[in-house]
Amino acid sequence: MFYREAGDFKTSYADDSQTFPIRFDRLRYYAVIAVAFGVIPFFINDYWANAVFVPFLIYAIAALGLNILTGYCGQVSLGTGGFMAVGAYAVYKLMTAFPEVSILIHVLLAGGITAVVGVLFGLPSLRIKGFYLAVATLAAQFFLVWLFNKVPWFYNYSASGQISAPERTVLGHAVTGASTTAPAKYLFCLIILFALAWLARNLTRGTVGRKWMAIRDMDIAAEIIGVNPLTTKLSAFAISSFYIGVAGALFFSVYLGAVEVGEAFGIQKSFLILFMIIIGGLGSIFGSFAGAAFLVLLPVLLKNILVGHLGWATDLAAHVELMIVGALIVIFLIAEPHGMAQLWRLAKEKLRLWPFPH
Amino acid sequence: MKKTMTAMALALSVATPAMADLMVPNLSYRTGPYAPNGIPYADGFNDYFTLLNERDGGIGGEKVVVTECETAYNTEKGVECYEATKGDGALVYNPLSTGITYQLIPKVTADGITLYTPGYGRTSAANGKVFANVFNYPANYWDGASIIVKDILSQNGDNIQGKKIALVYHNSAYGKEPIRTLQELAKKHGFELVEIPVDHPGQEQKSQWLQIRRDKPDYVIMYGWGVMNAVAVQEAVNIRYPMDHFYGIWWSGSENDVLPVGDGANGYKMISFHGTGGDYPVYADLKAHVYDAGKAAGDGSNPGNVLYSRGMYAAMVISEAIRGAQAAAGHSNVTTAEVRDGFENLNLTEERLTELGLPGFAQPIASSCADHGGPGTAMIFQWDAGAKKWNQSSDWISADADVIDPLIAEDSAAFAAENNIAERCN
């Protein structure tokens with residue numbers, strides 16, 4: 001009734017090719033943006049920012065990045081944790097070396113540095129595919145973590161090898177360090193996520209994205225019709241690593257404030273983000289958000305219900321939480337192998353016909 | 001998504017406890033690879049506060065509410081726990097994790113809350129001039145390294161020139177802490193230091209112990225935690241390393257680390273900044289008010305062991321600091337700032353320890369504005385596998401202040417410069 005193409009007349013090509021061609025979708029999108037930018041910052045407190053929103057926003061950026069590489073271009077990567085570490089250490093070196101420069105610039109530069117590293121580790125993708133590539137990127141994961149542990153220059157020769165984010169500001173508002181307010185933290189991450197998600201959506205709709213998808217679907221056929229595998233695969237690695245680097249930089253500087261490479265950016269982080277895009281939906285922008293939300297928010301929610309609400313012992317709750325999240329992942333993938341994005345697509349199909357399905 | 005949010009908002013809104021009591025959150029870990037050591041510590045911590053509540057009606061008439069929050073030794077969960085408990089008026093945090101401590105240092109300083117990290121955390125927090133809200137008395141990692149080296153010195157007639165000492169460490173902020181100190185000590189005493197990292201979680205150490213077997217160091221010092229400890233002791237037994245030449249820092253010397261190895265672990269040494277065993281008079285009260293009343297934390301199997309004692313030690317110091325804060329403030333419902341002052345002016349004497357039912361359990365502490373590090377002393381214990389108990393094998397040994405004080409000054413100055421902190425107490 002509300003969700004339909006009929007009656008929504010387009011009079012220009014620009015209108016016709018917009019991201020959300022259906023009016024209902026468009027309004028919903030504007031409503032989400034309005035709430036995210038206009039409502040939440042006024043009500044957010046430290047708990048909601050640090051435990052819920054900021055990790056969600058940052059993981060969403062990382063999931064977007066991995067989705068570009070794995071979901072759109074079909075190159076399986078297990079190096080996400082390592083690339084996030086590159087972003088984190090890059091931003092740390094930049095923010096301690098050039099304290100007067102805005103942290104926003106540092107975060108973007110850290111993404112750029114990660115992109116270069118990503119291209120480097122993407123080179124094997126020109127010769128190997130699938131599981132073999134996954135193993136090559138796994139090497140990146142272990143090598144990078146080892147490197148940041150081994151070379152003291154990366155952590156400014158501190159006694160413990162920890163890196164800690166000093167206070168840095170954007171337009172006079174602190175966004176890193178302890179005195180950061182919850183809205184500043186939230187808005188900083190939100191603005192970056194919004195810009196990157198907008199970019200990702202438009203990249204994947206355009207020539208670049210179509211080339212990625214051609215390579216993903218069948219690389220030989222893509223090469224025959226004139227898609228250059230070298231530039232396509234390396235651009236996917238570069239852009240994906242840029243996103244992941246930005247996520248790593250924010251993860252360290254805005255969210256945690258102090259990290260240790262082995263614990264924060266270990267192999268389990270690579271798997272976590274891979275699970276996010278598998279559960280959310282490969283090759284879908286919405287899926288990146290849904291997967292990040294599922295794996296970040298569900299454990300917090302379960303913990304609050306089991307411990308806070310039902311008063312269970314913390315260890316029992318932690319074990320049950322693992323079991324519930326694990327079971328949900330299995331059930332999900334059996335019931336809907338294409339992830340939450342597919343559920344969303346089905347819901348939209350149903351909504352088109354509603355209330356007269358026959 | 002929206003439903004999730006609503007449900008979460010609901011779950012959160014109901015879970016907030018009353019604000020009137022003294023809130024002391026327990027950021028514990030009873031799951032994951034560090035649980036074998038996290039559980040006894042958390043039990044000791046909880047039981048001591050339960051004892052105060054049951055026997056004395058709390059501290060100064062105020063009940064102590066210990067909210068437990070599971071971190072699994074993970075920094076992200078640690079942040080979540082900190083934020084979740086902070087809003088309830090938490091007075092002091094004791095996260096039992098160096099990673100989480102590093103993260104909380106700036107946060108507690110901004111929020112005016114106290115961070116108490118006995119024997120762990122950031123070593124240079126001993127310098128109260130820079131770290132206003134962080135306390136790590138009675139001893140820190142660098143003290144521990146120095147005390148072990150002193151014991152080695154005393155066994156070799158104060159000459160360890162040319163000896164080889166290996167450091168087997170957890171490859172994290174915690175394990176790397178003593179390296180600087182040991183390097184300095186190696187220069188001073190002329191021994192050779194071999195650094196052998198073990199990656200999280202440390203269940204696989206074959207190659208490290210192969211290296212030890214090949215290099216044949218005269219002594220091995222371990223800075224391990226969690227399952228890594230028991231694995232290392234087992235591997236040392238497997239290569240027939242002489243156990244009395246194998247030292248663990250206080251985090252690598254609990255019953256859970258040596259019992260799985262059996263008789264082979266006999267003679268393994270560890271250092272501790274407090275006594276252990278269930279013979280202290282306080283256990284009579286604990287038995288009467290806590291264990292027999294069915295209020296013991298966990299499964300009740302830990303009382304008297306090393307890490308249970310340490311959890312109890314932390315709870316005892318926190319409660320004494322709160323008591324001091326109440327006396328100084330003149331009212332019992334103390335604020336976070338008053339508790340911080342209580343920590344800074346803590347004067348824990350031997351008489352007081354005896355009153356508390358813990359005679360000779362620990363060294364006296366007299367804290368001050370500049371000194372947040374305490375006496376820096378510890379005792380050596382040796383494992384008796386036959387009797388299944390730790391035997392004290394030395395008196396209190398103090399750390400080499402000539403080496404450690406300049407290192408603390410250097411590291412805290414670096415932190416102060418990085419974060420624009422002006423020195424206090426001048």
# chains A, B, ... in the order shown; residues from 1 in each chain; ligands from 1
$ interface_residues --of "chain B" --to "chain A" --cutoff "6 Å" --atoms "only C-alpha atoms" --output "JSON, numbers by chain"
{"B": [8, 11, 15, 30, 70, 80, 83, 84, 103, 106, 107, 110, 173, 176, 177, 419]}
$ residues_around --residues "Tyr48 of chain B" --least-positions-apart "5" --cutoff "9 Å" --atoms "only C-alpha atoms" --output "PyMOL selection string"
chain B and resi 43+53+286+290+311-313+315-316
$ atom_distance --atom1 "atom CA of Ala166 of chain B" --atom2 "atom CA of Pro40 of chain B"
28.6 Å
$ residues_around --residues "Ser254 of chain B" --least-positions-apart "4" --cutoff "12 Å" --atoms "only C-alpha atoms" --output "compact mmCIF listing (two decimals) with C-alpha atoms, in the first residue's frame"
# COMPACT_ATOMS: atom_id res chain seq x y z
CA PRO B 36 41.54 -20.33 36.63
CA ASN B 37 43.18 -17.30 38.22
CA GLY B 38 40.29 -14.85 37.98
CA ILE B 39 37.85 -17.00 39.96
CA PRO B 40 39.73 -17.35 43.28
CA TYR B 41 40.61 -13.66 43.27
CA GLY B 224 52.56 -15.39 33.14
CA TRP B 225 48.84 -15.40 33.75
CA GLY B 226 45.94 -17.76 33.24
CA VAL B 227 46.43 -21.12 31.59
CA ASN B 229 51.24 -20.63 34.06
CA ALA B 230 50.30 -24.27 34.40
CA VAL B 233 55.37 -25.31 34.79
CA GLY B 248 57.16 -16.90 39.14
CA ILE B 249 55.96 -13.37 39.80
CA TRP B 250 53.01 -13.23 42.21
CA VAL B 258 51.15 -26.09 40.10
CA LEU B 259 48.52 -28.65 41.15
CA PRO B 260 47.84 -29.90 37.58
CA ALA B 265 56.27 -29.01 40.34
CA TYR B 268 58.82 -24.16 42.18
CA LYS B 269 59.24 -20.67 43.63
CA MET B 270 57.01 -17.65 43.55
CA ILE B 271 56.98 -14.29 45.29
CA SER B 272 54.03 -12.74 47.03
CA THR B 276 48.78 -17.29 52.19
CA GLY B 277 46.98 -20.22 53.77
CA ASN B 302 39.10 -21.45 47.14
CA GLY B 304 43.02 -20.00 51.87
CA ASN B 305 44.70 -20.30 48.50
CA VAL B 306 47.08 -17.68 47.16
CA LEU B 307 44.81 -15.80 44.79
CA TYR B 308 41.88 -15.93 47.20
CA SER B 309 44.18 -14.32 49.75
CA ARG B 310 45.12 -11.68 47.21
CA PHE B 381 57.41 -19.02 48.66
CA GLN B 382 58.28 -22.50 47.53
CA TRP B 383 55.80 -25.16 46.47
CA LYS B 388 50.24 -29.40 48.51
CA LYS B 389 51.07 -26.09 50.12
CA TRP B 390 53.27 -23.03 49.65
$ residues_around --residues "Arg424 of chain B" --least-positions-apart "3" --cutoff "12 Å" --atoms "only C-alpha atoms" --output "list in words"
Asn127, Gly128, Lys129, Val130, Phe131, Ala132, Asn133, Ser368, Cys369, Ala370, Asp371, Ala416 and Ile421 of chain B
$ write_last_selection --atoms "N, CA and C atoms" --output "compact mmCIF listing (two decimals), in the first residue's frame"
# COMPACT_ATOMS: atom_id res chain seq x y z
N ASN B 127 54.04 6.71 41.17
CA ASN B 127 54.36 8.12 41.33
C ASN B 127 53.07 8.93 41.44
N GLY B 128 52.65 9.24 42.67
CA GLY B 128 51.41 9.97 42.91
C GLY B 128 51.45 11.40 42.39
N LYS B 129 52.65 11.91 42.12
CA LYS B 129 52.74 13.27 41.61
C LYS B 129 52.09 13.38 40.23
N VAL B 130 52.13 12.29 39.47
CA VAL B 130 51.57 12.31 38.12
C VAL B 130 50.22 11.60 38.09
N PHE B 131 50.13 10.46 38.78
CA PHE B 131 48.91 9.66 38.74
C PHE B 131 48.10 9.92 40.01
N ALA B 132 47.21 10.90 39.94
CA ALA B 132 46.49 11.31 41.15
C ALA B 132 45.50 10.26 41.62
N ASN B 133 44.86 9.55 40.69
CA ASN B 133 43.76 8.67 41.06
C ASN B 133 44.11 7.19 41.03
N SER B 368 51.15 8.46 50.74
CA SER B 368 51.18 9.92 50.80
C SER B 368 50.85 10.46 49.42
N CYS B 369 50.84 11.77 49.33
CA CYS B 369 50.49 12.41 48.05
C CYS B 369 51.41 11.93 46.94
N ALA B 370 52.70 11.86 47.22
CA ALA B 370 53.65 11.48 46.17
C ALA B 370 53.82 9.97 46.05
N ASP B 371 53.61 9.27 47.15
CA ASP B 371 53.90 7.84 47.16
C ASP B 371 52.61 7.03 47.03
N ALA B 416 53.29 12.12 31.77
CA ALA B 416 52.87 13.49 32.09
C ALA B 416 53.05 14.39 30.88
N ILE B 421 50.11 16.75 32.00
CA ILE B 421 49.75 16.72 33.41
C ILE B 421 50.82 17.48 34.19
$ atom_distance --atom1 "atom CA of Glu5 of chain A" --atom2 "atom CA of Ala34 of chain A"
23.8 Å
$ residues_around --residues "Phe191 of chain B" --least-positions-apart "4" --cutoff "8 Å" --atoms "only C-alpha atoms" --output "number ranges by chain"
B: 160-165, 186-187
$ residues_around --residues "segment 272-279 of chain A" --least-positions-apart "3" --cutoff "7 Å" --atoms "only C-alpha atoms" --output "PyMOL selection string"
chain A and resi 63+67+268-269+282+287-288+291-292+295+339-340
$ residues_around --residues "Tyr73 of chain B" --least-positions-apart "6" --cutoff "8 Å" --atoms "only C-alpha atoms" --output "list in words"
Ser28, Tyr29, Gly32, Tyr34, Ser97 and Ile100 of chain B
$ select_by_dssp --residues "segment 106-236 of chain A" --states "strand (DSSP E or B)" --output "PDB file with C-alpha atoms, in the first residue's frame"
ATOM      1  CA  ILE A 163      49.693   2.749  23.028  1.00  0.00           C
ATOM      2  CA  SER A 164      47.500   5.378  24.679  1.00  0.00           C
ATOM      3  CA  THR A 169      40.289  17.970  19.353  1.00  0.00           C
ATOM      4  CA  VAL A 170      38.138  18.731  16.324  1.00  0.00           C
ATOM      5  CA  HIS A 173      35.835  19.733  21.008  1.00  0.00           C
ATOM      6  CA  ALA A 174      37.849  16.866  22.423  1.00  0.00           C
TER       7      ALA A 174
END
$ atom_distance --atom1 "atom CA of Lys93 of chain A" --atom2 "atom CA of Trp153 of chain A"
9.0 Å
$ select_by_dssp --residues "segment 30-188 of chain B" --states "helix (DSSP H, G or I)" --output "VMD selection string"
chain B and resid 35 to 56 75 to 86 98 to 111 123 to 126 141 to 155 173 to 188
$ decode --residues "segment 264-348 of chain B" --atoms "C-alpha atoms" --output "CSV table (one decimal), in the first residue's frame"
chain,number,residue,atom,x,y,z
B,264,GLY,CA,57.1,-32.5,39.3
B,265,ALA,CA,56.3,-29.0,40.3
B,266,ASN,CA,57.9,-29.6,43.7
B,267,GLY,CA,60.3,-26.7,44.5
B,268,TYR,CA,58.8,-24.2,42.2
B,269,LYS,CA,59.2,-20.7,43.6
B,270,MET,CA,57.0,-17.6,43.6
B,271,ILE,CA,57.0,-14.3,45.3
B,272,SER,CA,54.0,-12.7,47.0
B,273,PHE,CA,53.3,-9.4,48.8
B,274,HIS,CA,51.1,-11.1,51.3
B,275,GLY,CA,50.8,-14.3,53.2
B,276,THR,CA,48.8,-17.3,52.2
B,277,GLY,CA,47.0,-20.2,53.8
B,278,GLY,CA,43.8,-20.5,55.8
B,279,ASP,CA,45.4,-20.1,59.3
B,280,TYR,CA,44.7,-16.4,59.9
B,281,PRO,CA,42.2,-15.6,62.6
B,282,VAL,CA,40.0,-13.8,60.1
B,283,TYR,CA,39.0,-17.2,58.6
B,284,ALA,CA,37.2,-18.1,61.8
B,285,ASP,CA,34.9,-15.1,61.3
B,286,LEU,CA,34.7,-15.9,57.5
B,287,LYS,CA,33.6,-19.4,58.4
B,288,ALA,CA,31.0,-18.3,61.0
B,289,HIS,CA,29.5,-15.4,59.0
B,290,VAL,CA,30.1,-16.3,55.4
B,291,TYR,CA,30.9,-19.9,54.6
B,292,ASP,CA,28.6,-21.6,57.1
B,293,ALA,CA,25.8,-19.1,56.3
B,294,GLY,CA,25.9,-20.3,52.7
B,295,LYS,CA,27.0,-16.9,51.5
B,296,ALA,CA,30.4,-17.8,50.0
B,297,ALA,CA,31.1,-16.6,46.5
B,298,GLY,CA,31.7,-19.1,43.8
B,299,ASP,CA,31.8,-22.8,44.6
B,300,GLY,CA,33.5,-22.2,48.0
B,301,SER,CA,36.6,-24.3,47.1
B,302,ASN,CA,39.1,-21.4,47.1
B,303,PRO,CA,39.4,-20.0,50.7
B,304,GLY,CA,43.0,-20.0,51.9
B,305,ASN,CA,44.7,-20.3,48.5
B,306,VAL,CA,47.1,-17.7,47.2
B,307,LEU,CA,44.8,-15.8,44.8
B,308,TYR,CA,41.9,-15.9,47.2
B,309,SER,CA,44.2,-14.3,49.8
B,310,ARG,CA,45.1,-11.7,47.2
B,311,GLY,CA,41.5,-10.9,46.4
B,312,MET,CA,40.9,-10.6,50.1
B,313,TYR,CA,44.0,-8.4,50.5
B,314,ALA,CA,42.6,-6.0,47.8
B,315,ALA,CA,39.2,-5.9,49.5
B,316,MET,CA,40.9,-5.3,52.9
B,317,VAL,CA,42.9,-2.4,51.6
B,318,ILE,CA,39.9,-0.9,49.9
B,319,SER,CA,37.7,-1.2,53.0
B,320,GLU,CA,40.5,0.3,55.1
B,321,ALA,CA,40.8,3.2,52.7
B,322,ILE,CA,37.0,3.8,52.8
B,323,ARG,CA,37.1,3.6,56.6
B,324,GLY,CA,39.8,6.2,56.6
B,325,ALA,CA,37.8,8.4,54.2
B,326,GLN,CA,34.8,8.1,56.5
B,327,ALA,CA,36.9,9.2,59.5
B,328,ALA,CA,38.4,12.1,57.7
B,329,ALA,CA,35.1,13.2,56.2
B,330,GLY,CA,33.1,12.8,59.4
B,331,HIS,CA,30.2,11.0,57.7
B,332,SER,CA,29.8,7.5,56.5
B,333,ASN,CA,28.3,8.0,53.1
B,334,VAL,CA,31.5,9.0,51.4
B,335,THR,CA,31.9,10.4,47.9
B,336,THR,CA,34.4,9.3,45.2
B,337,ALA,CA,36.7,12.3,46.0
B,338,GLU,CA,36.7,11.5,49.7
B,339,VAL,CA,37.6,7.8,49.0
B,340,ARG,CA,40.5,8.9,46.8
B,341,ASP,CA,41.8,11.0,49.7
B,342,GLY,CA,41.3,8.0,51.9
B,343,PHE,CA,43.6,6.0,49.6
B,344,GLU,CA,46.1,8.8,49.6
B,345,ASN,CA,46.2,9.0,53.4
B,346,LEU,CA,46.0,5.3,54.1
B,347,ASN,CA,48.0,4.2,57.1
B,348,LEU,CA,47.8,0.5,57.5
